[in-house]
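Okay, protein09.txt is below, compact mmCIF, C-alpha atoms:
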```
# COMPACT_ATOMS: atom_id res chain seq x y z
CA MET A 7 -0.35 22.07 -20.90
CA ASP A 8 2.53 19.81 -21.93
CA GLU A 9 0.89 16.94 -23.81
CA THR A 10 4.15 15.25 -24.95
CA PRO A 11 3.90 11.50 -24.27
CA ILE A 12 6.09 10.58 -21.32
CA ASP A 13 8.79 8.03 -22.14
CA ASP A 14 9.54 5.78 -19.18
CA GLN A 15 13.22 5.25 -20.06
CA GLU A 16 13.73 8.99 -20.15
CA LEU A 17 11.90 9.41 -16.82
CA ARG A 18 14.11 6.72 -15.26
CA LYS A 19 17.21 8.65 -16.33
CA LEU A 20 15.76 11.88 -14.96
CA MET A 21 14.90 10.23 -11.63
CA THR A 22 18.43 8.85 -11.33
CA ARG A 23 19.85 12.33 -12.02
CA TYR A 24 17.39 13.79 -9.49
CA GLN A 25 18.69 11.33 -6.87
CA GLY A 26 22.16 12.58 -7.71
CA ALA A 27 21.02 16.19 -6.98
CA ASP A 28 20.97 17.47 -10.56
CA PRO A 29 18.83 20.69 -10.51
CA ALA A 30 18.12 20.43 -14.24
CA ALA A 31 16.56 16.98 -13.67
CA ILE A 32 14.08 18.23 -11.07
CA GLU A 33 13.09 21.14 -13.32
CA GLU A 34 12.48 18.73 -16.17
CA LEU A 35 10.52 16.33 -13.95
CA VAL A 36 8.31 19.13 -12.59
CA ARG A 37 7.68 20.38 -16.12
CA ARG A 38 6.90 16.92 -17.50
CA LEU A 39 4.89 15.42 -14.64
CA SER A 40 3.04 18.34 -13.05
CA PRO A 41 0.33 18.73 -15.73
CA GLN A 42 -0.57 15.03 -15.40
CA LEU A 43 -0.46 15.15 -11.61
CA LEU A 44 -2.67 18.22 -11.68
CA ARG A 45 -5.18 16.34 -13.82
CA TYR A 46 -5.06 13.40 -11.41
CA PHE A 47 -5.83 15.68 -8.45
CA ALA A 48 -8.42 17.66 -10.40
CA TRP A 49 -10.57 14.54 -10.79
CA SER A 50 -10.58 14.05 -7.05
CA LYS A 51 -12.68 17.24 -6.85
CA THR A 52 -12.59 20.49 -4.77
CA GLY A 53 -11.44 23.89 -5.96
CA ARG A 54 -8.44 25.13 -7.92
CA ASP A 55 -6.52 26.17 -4.79
CA ASP A 56 -6.97 22.73 -3.23
CA VAL A 57 -5.68 21.04 -6.38
CA GLU A 58 -2.57 23.24 -6.41
CA ASP A 59 -2.04 22.60 -2.69
CA LEU A 60 -2.25 18.87 -3.38
CA LEU A 61 0.27 19.19 -6.21
CA GLN A 62 2.67 21.11 -3.99
CA ASP A 63 2.27 18.62 -1.13
CA CYS A 64 2.80 15.77 -3.58
CA TRP A 65 6.10 17.21 -4.86
CA ILE A 66 7.32 17.69 -1.28
CA ARG A 67 6.56 14.00 -0.62
CA ILE A 68 8.21 12.94 -3.87
CA HIS A 69 11.27 14.91 -2.78
CA ARG A 70 11.36 13.29 0.66
CA ALA A 71 10.80 9.81 -0.75
CA ARG A 72 13.12 10.09 -3.77
CA HIS A 73 15.64 7.63 -2.31
CA THR A 74 12.96 4.88 -2.45
CA TYR A 75 12.88 5.00 -6.24
CA ARG A 76 14.93 2.24 -7.89
CA SER A 77 16.08 2.78 -11.46
CA SER A 78 15.10 -0.81 -12.35
CA GLU A 79 11.43 0.01 -11.70
CA PRO A 80 8.99 2.07 -13.82
CA VAL A 81 8.63 5.71 -12.71
CA LEU A 82 4.91 6.44 -13.14
CA PRO A 83 3.61 3.83 -10.64
CA TRP A 84 6.09 5.20 -8.08
CA ILE A 85 4.97 8.79 -8.72
CA TYR A 86 1.27 7.94 -8.61
CA ALA A 87 1.64 5.79 -5.49
CA VAL A 88 3.02 8.93 -3.76
CA ALA A 89 0.28 11.07 -5.35
CA ARG A 90 -2.37 8.63 -4.19
CA HIS A 91 -1.16 8.83 -0.58
CA THR A 92 -1.16 12.62 -0.85
CA ARG A 93 -4.75 12.58 -2.08
CA LEU A 94 -5.93 10.05 0.53
CA ASP A 95 -4.31 11.97 3.38
CA ALA A 96 -5.87 15.22 2.18
CA TYR A 97 -9.23 13.48 1.91
CA ARG A 98 -8.98 12.16 5.47
CA LYS A 99 -7.89 15.56 6.75
CA ARG A 100 -10.82 17.22 4.98
CA ARG A 101 -13.26 14.66 6.39
CA ARG A 102 -11.97 15.29 9.91
CA ARG A 103 -12.23 19.07 9.40
CA GLU A 104 -15.73 18.80 7.95
CA SER A 105 -16.89 16.65 10.85
CA ARG A 106 -15.85 19.43 13.24
CA GLU A 107 -17.14 22.40 11.27
CA SER A 108 -20.67 23.21 10.13
CA PRO A 109 -20.80 24.20 6.46
CA LEU A 110 -21.76 27.77 5.53
CA GLU A 111 -23.67 26.65 2.48
CA SER A 112 -25.28 23.30 1.91
CA VAL A 113 -23.48 20.93 -0.38
CA HIS A 114 -25.69 18.43 -2.15
CA GLU A 115 -24.35 14.93 -2.26
CA ASP A 116 -25.52 12.12 -4.47
CA ARG A 117 -25.78 8.53 -3.28
CA HIS A 118 -22.02 7.92 -3.72
CA GLY A 119 -21.05 11.06 -1.85
CA ALA A 120 -19.85 13.00 -4.90
CA ARG A 121 -20.27 16.78 -4.72
CA LEU A 122 -22.85 17.89 -7.23
CA SER A 123 -21.77 21.50 -6.78
CA SER A 124 -18.33 20.78 -8.27
CA ARG A 125 -19.68 19.25 -11.47
CA PRO A 126 -18.92 21.03 -14.69
CA GLU A 127 -21.96 22.81 -16.07
CA GLY A 128 -23.81 20.76 -18.66
CA ASP A 129 -21.39 17.88 -18.49
CA GLU A 130 -23.79 14.98 -18.05
CA PHE A 131 -21.17 12.27 -18.48
CA GLY A 132 -18.79 13.93 -16.01
CA HIS A 133 -21.77 14.01 -13.67
CA LEU A 134 -22.16 10.22 -14.00
CA ILE A 135 -18.44 9.62 -13.47
CA ALA A 136 -18.49 11.81 -10.34
CA GLY A 137 -21.12 9.42 -9.00
CA LEU A 138 -18.83 6.38 -9.23
CA PRO A 139 -17.28 5.03 -6.03
CA GLU A 140 -13.87 6.60 -5.33
CA THR A 141 -11.81 3.46 -6.08
CA GLN A 142 -13.54 2.85 -9.42
CA ARG A 143 -13.23 6.49 -10.46
CA GLU A 144 -9.54 6.47 -9.55
CA VAL A 145 -8.91 3.41 -11.74
CA LEU A 146 -10.78 5.01 -14.66
CA VAL A 147 -8.81 8.26 -14.28
CA MET A 148 -5.49 6.38 -14.25
CA LEU A 149 -6.41 4.19 -17.23
CA LYS A 150 -8.27 6.68 -19.41
CA VAL A 151 -7.08 10.16 -18.44
CA LEU A 152 -3.46 9.40 -17.54
CA GLY A 153 -3.11 6.57 -20.06
CA MET A 154 -1.46 4.18 -17.62
CA SER A 155 -1.36 0.41 -18.26
CA LEU A 156 -3.17 -2.10 -16.05
CA GLU A 157 0.17 -3.17 -14.57
CA GLU A 158 1.12 0.44 -13.78
CA VAL A 159 -2.25 1.11 -12.13
CA ALA A 160 -1.93 -2.09 -10.09
CA ARG A 161 1.49 -1.01 -8.83
CA ALA A 162 0.40 2.56 -8.09
CA THR A 163 -2.60 1.37 -6.08
CA SER A 164 -0.72 -1.51 -4.33
CA SER A 165 -3.16 -3.88 -5.95
CA THR A 166 -3.18 -6.69 -8.50
CA VAL A 167 -3.90 -6.50 -12.23
CA GLY A 168 -6.97 -8.70 -11.64
CA ALA A 169 -8.36 -6.32 -9.01
CA VAL A 170 -7.79 -3.31 -11.30
CA LYS A 171 -9.58 -5.09 -14.18
CA GLN A 172 -12.47 -5.88 -11.85
CA LYS A 173 -12.79 -2.27 -10.68
CA ALA A 174 -12.68 -1.00 -14.29
CA HIS A 175 -15.28 -3.57 -15.31
CA ARG A 176 -17.58 -2.54 -12.46
CA ALA A 177 -17.14 1.13 -13.35
CA TYR A 178 -18.08 0.35 -16.99
CA GLU A 179 -21.14 -1.62 -15.88
CA THR A 180 -22.29 1.17 -13.55
CA LEU A 181 -21.78 3.78 -16.28
CA ARG A 182 -23.68 1.67 -18.86
CA ARG A 183 -26.61 1.26 -16.51
CA ALA A 184 -26.60 4.96 -15.60
CA LEU A 185 -26.37 5.98 -19.27
CA GLY A 186 -29.30 3.69 -20.06
CA ARG A 187 -31.35 5.32 -17.31
CA VAL A 188 -30.46 8.83 -18.50
CA ARG A 189 -31.52 7.99 -22.07
CA GLU A 190 -34.69 6.27 -20.86
CA ASN A 191 -35.66 9.40 -18.91
CA ALA A 192 -34.84 11.65 -21.87
CA ARG A 193 -37.38 9.82 -24.10
CA MET B 17 -24.88 -5.30 -24.11
CA PRO B 18 -25.05 -4.40 -27.82
CA ASP B 19 -21.79 -3.38 -29.50
CA ASN B 20 -23.02 0.11 -30.45
CA SER B 21 -23.72 0.84 -26.77
CA ARG B 22 -20.20 -0.33 -25.87
CA ASP B 23 -18.70 1.89 -28.60
CA ASP B 24 -20.84 4.76 -27.37
CA LEU B 25 -19.50 4.40 -23.82
CA GLU B 26 -15.91 4.20 -25.11
CA ARG B 27 -16.48 7.35 -27.18
CA LEU B 28 -17.92 9.21 -24.18
CA LEU B 29 -15.01 8.07 -22.00
CA GLU B 30 -12.47 9.22 -24.59
CA THR B 31 -14.14 12.63 -24.86
CA TRP B 32 -14.23 12.91 -21.08
CA ALA B 33 -10.59 11.85 -20.71
CA ALA B 34 -9.35 14.21 -23.42
CA LYS B 35 -10.93 17.27 -21.85
CA PRO B 36 -8.20 19.54 -20.45
CA GLU B 37 -9.53 20.39 -17.01
CA THR B 38 -6.68 22.29 -15.40
CA GLN B 39 -3.58 24.13 -16.62
CA LEU B 40 -0.46 24.49 -14.50
CA ARG B 41 0.21 28.17 -13.88
CA PRO B 42 3.75 29.23 -14.91
CA ASP B 43 4.34 30.86 -11.51
CA MET B 44 3.35 27.61 -9.82
CA GLU B 45 5.83 25.68 -11.96
CA ARG B 46 8.61 28.14 -11.08
CA LYS B 47 7.67 27.99 -7.39
CA LEU B 48 7.89 24.19 -7.39
CA GLU B 49 11.19 24.12 -9.27
CA SER B 50 12.86 26.72 -7.07
CA GLY B 51 11.43 25.24 -3.85
CA LEU B 52 12.65 21.73 -4.61
CA GLY B 53 15.91 22.85 -6.19
CA ALA B 54 16.82 24.83 -3.06
CA GLN B 55 16.87 21.71 -0.89
CA LEU B 56 18.51 19.35 -3.35
CA LEU B 57 21.08 16.91 -1.95
CA PRO B 58 22.26 13.59 -3.39
CA VAL B 59 20.54 10.52 -1.93
CA ARG B 60 21.52 6.86 -1.88
CA PRO B 61 18.76 4.72 -3.46
CA LEU B 62 17.37 1.76 -1.55
CA PRO B 63 18.96 -1.65 -2.15
CA SER B 64 17.11 -4.01 -4.50
CA GLN B 65 14.07 -5.89 -3.23
CA GLY B 66 16.08 -9.12 -3.08
CA GLY B 67 18.80 -7.37 -1.09
CA LEU B 68 16.28 -5.97 1.38
CA ALA B 69 14.57 -9.35 1.78
CA LEU B 70 17.98 -10.90 2.53
CA ILE B 71 18.65 -8.24 5.19
CA PHE B 72 15.31 -9.01 6.91
CA LEU B 73 15.92 -12.75 6.60
CA ALA B 74 19.42 -12.44 8.03
CA ILE B 75 18.06 -10.52 11.06
CA PHE B 76 15.30 -13.13 11.42
CA ALA B 77 17.74 -16.07 11.24
CA ALA B 78 20.36 -14.49 13.52
CA CYS B 79 17.84 -13.50 16.22
CA ALA B 80 16.00 -16.84 16.06
CA ALA B 81 19.23 -18.86 16.22
CA GLY B 82 20.61 -16.70 19.05
CA LEU B 83 17.42 -17.01 21.12
CA ILE B 84 17.14 -20.77 20.53
CA ALA B 85 20.75 -21.16 21.69
CA VAL B 86 20.23 -19.05 24.83
CA LEU B 87 16.77 -20.29 25.93
CA ASP B 88 15.86 -23.63 27.49
CA LYS B 89 15.37 -26.43 24.92
CA ALA B 90 12.65 -28.49 26.65
CA GLY B 91 10.42 -28.42 23.57
CA PHE B 92 13.23 -29.66 21.37
CA HIS B 93 13.59 -32.79 23.54
CA LEU B 94 9.81 -33.36 23.68
CA MET B 95 9.22 -33.16 19.89
CA SER B 96 9.70 -36.07 17.48
CA GLY B 97 12.04 -35.81 14.50
CA ALA B 98 9.09 -35.26 12.14
CA GLN B 99 7.64 -32.54 14.38
CA ILE B 100 11.00 -30.75 14.52
CA ALA B 101 11.44 -30.97 10.74
CA TRP B 102 7.92 -29.74 9.93
CA MET B 103 7.94 -26.93 12.45
CA THR B 104 11.39 -25.79 11.25
CA ALA B 105 10.12 -25.78 7.65
CA ILE B 106 6.89 -23.92 8.51
CA LEU B 107 8.58 -21.26 10.64
CA THR B 108 11.42 -20.76 8.15
CA GLY B 109 8.90 -20.53 5.28
CA GLY B 110 6.92 -17.92 7.21
CA GLY B 111 10.10 -15.94 7.87
CA ILE B 112 11.06 -16.01 4.17
CA LEU B 113 7.58 -15.00 2.93
CA PHE B 114 7.14 -12.17 5.43
CA SER B 115 10.69 -10.91 4.68
CA LEU B 116 9.85 -10.81 0.96
CA ALA B 117 6.53 -9.10 1.64
CA LEU B 118 8.14 -6.46 3.85
CA ALA B 119 10.86 -5.79 1.26
CA ARG B 120 8.19 -5.29 -1.41
CA ARG B 121 6.39 -2.75 0.77
CA MET B 122 9.53 -0.64 1.14
CA ALA B 123 9.15 1.33 -2.07
CA PRO B 124 5.98 3.06 -3.29
CA GLY B 125 4.67 1.59 -6.53
CA SER B 126 6.22 -1.86 -6.01
CA ARG B 127 4.31 -4.97 -6.97
CA PRO B 128 2.95 -6.28 -3.63
CA LEU B 129 3.37 -9.95 -2.72
CA PHE B 130 0.10 -11.80 -3.24
CA PRO B 131 -1.51 -11.62 0.25
CA GLY B 132 -2.72 -15.20 -0.19
CA TRP B 133 0.84 -16.45 0.36
CA LEU B 134 1.04 -14.67 3.71
CA ILE B 135 -2.38 -15.95 4.79
CA LEU B 136 -1.36 -19.44 3.63
CA SER B 137 1.87 -19.35 5.66
CA SER B 138 -0.02 -18.15 8.75
CA PHE B 139 -2.64 -20.88 8.35
CA GLY B 140 0.18 -23.34 7.61
CA ALA B 141 1.69 -22.62 11.01
CA ALA B 142 -1.71 -23.06 12.72
CA ALA B 143 -2.40 -26.26 10.74
CA GLY B 144 1.06 -27.55 11.72
CA PHE B 145 0.21 -27.07 15.39
CA ALA B 146 -3.20 -28.71 14.93
CA LEU B 147 -2.06 -31.72 12.89
CA LEU B 148 1.39 -32.50 14.26
CA PHE B 149 0.67 -32.31 17.98
CA PRO B 150 -1.70 -34.30 20.24
CA TRP B 151 -5.10 -32.81 21.17
CA ARG B 152 -4.73 -32.93 24.93
CA ALA B 153 -5.65 -30.02 27.15
CA SER B 154 -4.19 -29.73 30.60
CA HIS B 155 -6.26 -28.73 33.69
CA ASP B 156 -3.90 -25.78 34.15
CA PHE B 157 -4.48 -24.52 30.62
CA ILE B 158 -4.40 -20.83 31.53
CA SER B 159 -1.64 -20.86 34.14
CA GLU B 160 0.55 -22.93 31.78
CA GLY B 161 -0.33 -20.76 28.78
CA TRP B 162 0.04 -17.13 29.74
CA PRO B 163 3.82 -17.29 30.41
CA CYS B 164 4.24 -18.50 26.80
CA ALA B 165 2.12 -15.60 25.50
CA ALA B 166 4.11 -13.17 27.66
CA MET B 167 7.41 -14.57 26.37
CA GLU B 168 6.19 -14.33 22.76
CA LEU B 169 5.32 -10.68 23.33
CA ALA B 170 8.66 -10.07 25.08
CA ILE B 171 10.46 -11.32 21.96
CA ALA B 172 8.09 -9.92 19.31
CA VAL B 173 7.86 -6.32 20.56
CA PRO B 174 11.63 -5.59 20.42
CA ALA B 175 11.73 -7.53 17.11
CA ILE B 176 9.09 -5.18 15.68
CA ALA B 177 11.31 -2.24 16.69
CA VAL B 178 14.37 -3.84 15.04
CA PHE B 179 12.55 -4.61 11.78
CA TRP B 180 11.00 -1.13 11.81
CA LEU B 181 14.45 0.47 12.15
CA VAL B 182 15.43 -1.20 8.88
CA ALA B 183 12.06 -0.81 7.12
CA ARG B 184 11.44 2.86 7.93
CA ARG B 185 14.06 4.04 5.43
CA GLY B 186 11.77 2.95 2.64
CA ALA B 187 8.33 2.21 4.04
CA LEU B 188 7.28 5.84 4.22
CA PHE B 189 3.57 5.37 3.87
CA ALA B 190 2.10 3.41 6.74
CA SER B 191 -0.80 1.16 5.91
CA ALA B 192 -2.68 -1.72 7.48
CA GLY B 193 -0.79 -4.10 5.17
CA LEU B 194 2.62 -2.77 6.20
CA GLY B 195 1.69 -3.01 9.90
CA ALA B 196 0.46 -6.58 9.47
CA VAL B 197 3.55 -7.68 7.52
CA LEU B 198 5.96 -6.06 9.99
CA THR B 199 4.32 -7.60 13.06
CA GLY B 200 3.86 -10.89 11.17
CA LEU B 201 7.62 -11.18 10.62
CA ALA B 202 8.28 -10.36 14.30
CA ALA B 203 5.62 -12.89 15.39
CA PHE B 204 7.22 -15.66 13.31
CA LEU B 205 10.59 -14.73 14.82
CA ALA B 206 9.10 -15.06 18.34
CA LEU B 207 7.35 -18.35 17.50
CA ALA B 208 10.61 -20.07 16.51
CA PRO B 209 12.50 -19.98 19.86
CA LEU B 210 9.22 -20.42 21.77
CA GLN B 211 8.47 -23.65 19.91
CA PHE B 212 11.80 -25.17 20.96
CA GLN B 213 11.63 -23.82 24.50
CA CYS B 214 8.02 -24.69 25.44
CA MET B 215 7.42 -27.82 27.50
CA PHE B 216 3.69 -28.01 26.64
CA GLN B 217 3.72 -29.50 23.17
CA GLN B 218 -0.04 -30.02 22.81
CA ALA B 219 -2.20 -28.68 19.97
CA PRO B 220 -4.65 -26.61 22.12
CA HIS B 221 -1.80 -24.93 24.01
CA LEU B 222 0.18 -24.18 20.83
CA LEU B 223 -2.87 -22.94 18.93
CA VAL B 224 -4.20 -20.66 21.67
CA TRP B 225 -1.08 -19.36 23.40
CA HIS B 226 1.45 -19.40 20.54
CA ALA B 227 -0.52 -18.99 17.28
CA GLY B 228 -3.34 -17.01 18.96
CA THR B 229 -0.89 -14.46 20.39
CA ALA B 230 0.75 -14.14 16.96
CA ALA B 231 -2.67 -13.56 15.34
CA VAL B 232 -3.52 -10.85 17.90
CA LEU B 233 -0.14 -9.18 17.27
CA ILE B 234 -0.69 -9.18 13.50
CA GLY B 235 -4.17 -7.72 13.99
CA LEU B 236 -2.85 -4.97 16.25
CA GLY B 237 -0.06 -4.27 13.77
CA ALA B 238 -2.61 -3.86 10.99
CA ILE B 239 -4.68 -1.44 13.10
CA ALA B 240 -1.61 0.58 14.13
CA GLY B 241 -0.40 0.72 10.52
CA GLY B 242 -3.78 1.92 9.33
CA LEU B 243 -3.89 4.69 11.93
CA ARG B 244 -0.37 6.02 11.63
CA ARG B 245 0.59 8.31 8.78
CA LEU B 246 4.28 8.89 8.34
CA VAL B 247 4.98 11.40 5.62
```

Can you give me the file's structure in the form of structure tokens?
Amino acid sequence: MDETPIDDQELRKLMTRYQGADPAAIEELVRRLSPQLLRYFAWSKTGRDDVEDLLQDCWIRIHRARHTYRSSEPVLPWIYAVARHTRLDAYRKRRRRESRESPLESVHEDRHGARLSSRPEGDEFGHLIAGLPETQREVLVMLKVLGMSLEEVARATSSTVGAVKQKAHRAYETLRRALGRVRENAR
Amino acid sequence: MPDNSRDDLERLLETWAAKPETQLRPDMERKLESGLGAQLLPVRPLPSQGGLALIFLAIFAACAAGLIAVLDKAGFHLMSGAQIAWMTAILTGGGILFSLALARRMAPGSRPLFPGWLILSSFGAAAGFALLFPWRASHDFISEGWPCAAMELAIAVPAIAVFWLVARRGALFASAGLGAVLTGLAAFLALAPLQFQCMFQQAPHLLVWHAGTAAVLIGLGAIAGGLRRLV
């Protein structure tokens, strides 16, 4: 995985070249941004194939919407706003499909609706994070996993910095309480 | 919460965040690059947010002025100078705020306009009707009112289509907010000529048949925006 920190000024230049139909720019953007996008989709659960489908769908949307990017604006909020719509649409589609079909094997759900079957083996903390409400988990993923700033997360989620701070705070509080309970039970 | 517990949570979060969950397969990367590269054409970026807001405002002003000039001006003669000045300020303010809000919704990842301003401008219009006009209700409240509601719809619906024609180039992801802002701008555009045309300048009539219709339109716009997915 490419772990090079992504410089916004460089991304802006690449996006501008992409809008001008430079094939080298799209190759560079795919190479730089795909690992992070893949991580973003991976936290929104389901299997490997689904995550790659989401990534592919997301790049198609980025391609269709590329004229809406303005070089005066930061790139990551624009990219993740598109990625977020991709994820939400896929989630809605899956919900509709699941409401029509009866599952072959039972999927256990915790009180927040997170799939226990998709949790990594032995990863207790990941288990707790999977139990967070979707909006709080998304904010945590953007802040902690993707390393975005509060302002960038606010833009990507069409929200305000205050609302993002509040969601992060609630996620922290929920995790602290859950951690406390886990440790209490372990004694 | 003790500090060591806070540090502990931070440490767990950092470990969780650092964990590489998924690697991008090289064939997937090549597939994406070749797929996107094959359909690569130059595109013209959207104008700036200020430029877009000015486009919406120009449409708003031109349509409102044109309709006021064409329609009957009974309301204009019935209102006092203060009523005309306040209503002009409120309706123009609403047009400016909704134009700015729509422009900000045109590009993904833009900073949205604080929704409080839009709510404030909508309540400002309702408060203007309630405070500036007499509280007298006619016996023919319904028969006098529905033609105004029908006229508002007759202006607002084509206005929604006009604003949508401009907005659709950028507003690719429909949402309840986009629907509400789009119909809100069209509703303010319809309210302006209606205010100067209507011969029933009483608070109950204006609140129910003018502002009420606008509120219903905004609500329907929000629902339609929430249901429709565009890309």

Report the distance between CA of Lys150 in chain A and CA of Ala96 in chain A in Å, rounded to one decimal place.
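Rounded to one decimal, the two atoms are 23.3 Å apart.
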
Residue list for chain B near chain A as a VMD selection string, 6 Å, only C-alpha atoms:
chain B and resid 33 39 to 40 49 53 56 to 62 123 to 127 186

For a quick check of understanding, using all atoms listed in the file, which of A:Arg93, A:His175, A:Arg187, A:Arg38 has the smallest distance to Cys64 in chain A?
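Closest candidate: A:Arg93.
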
From B:Ala192, B:Leu25, B:Ile135, B:Ile100, residue lying nearest Leu243 in chain B [only C-alpha atoms]:
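Looking at the shortest contact to Leu243 in chain B, the residue is B:Ala192.
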
In Å to one decimal, how far is CA of His226 in chain B from CA of Cys214 in chain B?
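Distance reported for this atom pair: 9.8 Å.
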
As an exercise, work out the distance from CA of Gly241 in chain B to CA of Cys79 in chain B in Å and give it to one decimal place.
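Computed distance, CA of Gly241 in chain B to CA of Cys79 in chain B, equals 23.8 Å.
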
For Pro209 in chain B, the nearest of the candidates B:Gly242, B:Arg185, B:Gly97, B:Lys89, counting only C-alpha atoms
B:Lys89

Using all atoms listed in the file for the distances, tell me which of A:Ser155, A:Glu104, A:Ala184, A:Val145 is nearest to His133 in chain A.
A:Ala184

Would you mind listing what lies within 9 Å of Phe179 in chain B as a list in words, with only C-alpha atoms counted and same-chain residues fewer than 2 positions away left out?
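Result of the neighbour search: Phe72, Ile75, Phe76, Pro174, Ala175, Ile176, Ala177, Leu181, Val182, Ala183, Arg184, Leu198, Thr199, Leu201 and Ala202 of chain B.
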
Mind giving me the axis-aligned box for range 57-67 of chain A with 6 Å on every side, centre plus edges in Å to one decimal, as AutoDock Vina command-line options?
```
--center_x 0.8 --center_y 18.6 --center_z -3.5 --size_x 25.0 --size_y 21.2 --size_z 17.8
```

N, CA and C atoms are needed for range 107-119 of chain B; please write them out as a PDB file, in the frame of the given file.
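What follows is the written file part-v7.pdb:
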```pdb
ATOM      1  N   LEU B 107       8.141 -22.545  10.082  1.00  0.00           N
ATOM      2  CA  LEU B 107       8.580 -21.260  10.640  1.00  0.00           C
ATOM      3  C   LEU B 107       9.594 -20.565   9.730  1.00  0.00           C
ATOM      4  N   THR B 108      10.470 -21.354   9.099  1.00  0.00           N
ATOM      5  CA  THR B 108      11.420 -20.760   8.150  1.00  0.00           C
ATOM      6  C   THR B 108      10.677 -20.204   6.937  1.00  0.00           C
ATOM      7  N   GLY B 109       9.703 -20.979   6.438  1.00  0.00           N
ATOM      8  CA  GLY B 109       8.900 -20.530   5.280  1.00  0.00           C
ATOM      9  C   GLY B 109       8.177 -19.225   5.594  1.00  0.00           C
ATOM     10  N   GLY B 110       7.609 -19.152   6.800  1.00  0.00           N
ATOM     11  CA  GLY B 110       6.920 -17.920   7.210  1.00  0.00           C
ATOM     12  C   GLY B 110       7.889 -16.748   7.251  1.00  0.00           C
ATOM     13  N   GLY B 111       9.085 -16.989   7.803  1.00  0.00           N
ATOM     14  CA  GLY B 111      10.100 -15.940   7.870  1.00  0.00           C
ATOM     15  C   GLY B 111      10.483 -15.447   6.479  1.00  0.00           C
ATOM     16  N   ILE B 112      10.662 -16.387   5.539  1.00  0.00           N
ATOM     17  CA  ILE B 112      11.060 -16.010   4.170  1.00  0.00           C
ATOM     18  C   ILE B 112       9.936 -15.192   3.503  1.00  0.00           C
ATOM     19  N   LEU B 113       8.694 -15.690   3.600  1.00  0.00           N
ATOM     20  CA  LEU B 113       7.580 -15.000   2.930  1.00  0.00           C
ATOM     21  C   LEU B 113       7.345 -13.600   3.508  1.00  0.00           C
ATOM     22  N   PHE B 114       7.370 -13.497   4.831  1.00  0.00           N
ATOM     23  CA  PHE B 114       7.140 -12.170   5.430  1.00  0.00           C
ATOM     24  C   PHE B 114       8.316 -11.225   5.146  1.00  0.00           C
ATOM     25  N   SER B 115       9.546 -11.768   5.049  1.00  0.00           N
ATOM     26  CA  SER B 115      10.690 -10.910   4.680  1.00  0.00           C
ATOM     27  C   SER B 115      10.510 -10.371   3.272  1.00  0.00           C
ATOM     28  N   LEU B 116      10.087 -11.246   2.344  1.00  0.00           N
ATOM     29  CA  LEU B 116       9.850 -10.810   0.960  1.00  0.00           C
ATOM     30  C   LEU B 116       8.747  -9.769   0.894  1.00  0.00           C
ATOM     31  N   ALA B 117       7.674 -10.026   1.668  1.00  0.00           N
ATOM     32  CA  ALA B 117       6.530  -9.100   1.640  1.00  0.00           C
ATOM     33  C   ALA B 117       6.928  -7.738   2.189  1.00  0.00           C
ATOM     34  N   LEU B 118       7.725  -7.737   3.263  1.00  0.00           N
ATOM     35  CA  LEU B 118       8.140  -6.460   3.850  1.00  0.00           C
ATOM     36  C   LEU B 118       9.059  -5.703   2.886  1.00  0.00           C
ATOM     37  N   ALA B 119       9.957  -6.435   2.236  1.00  0.00           N
ATOM     38  CA  ALA B 119      10.860  -5.790   1.260  1.00  0.00           C
ATOM     39  C   ALA B 119      10.058  -5.159   0.131  1.00  0.00           C
TER      40      ALA B 119
END
```
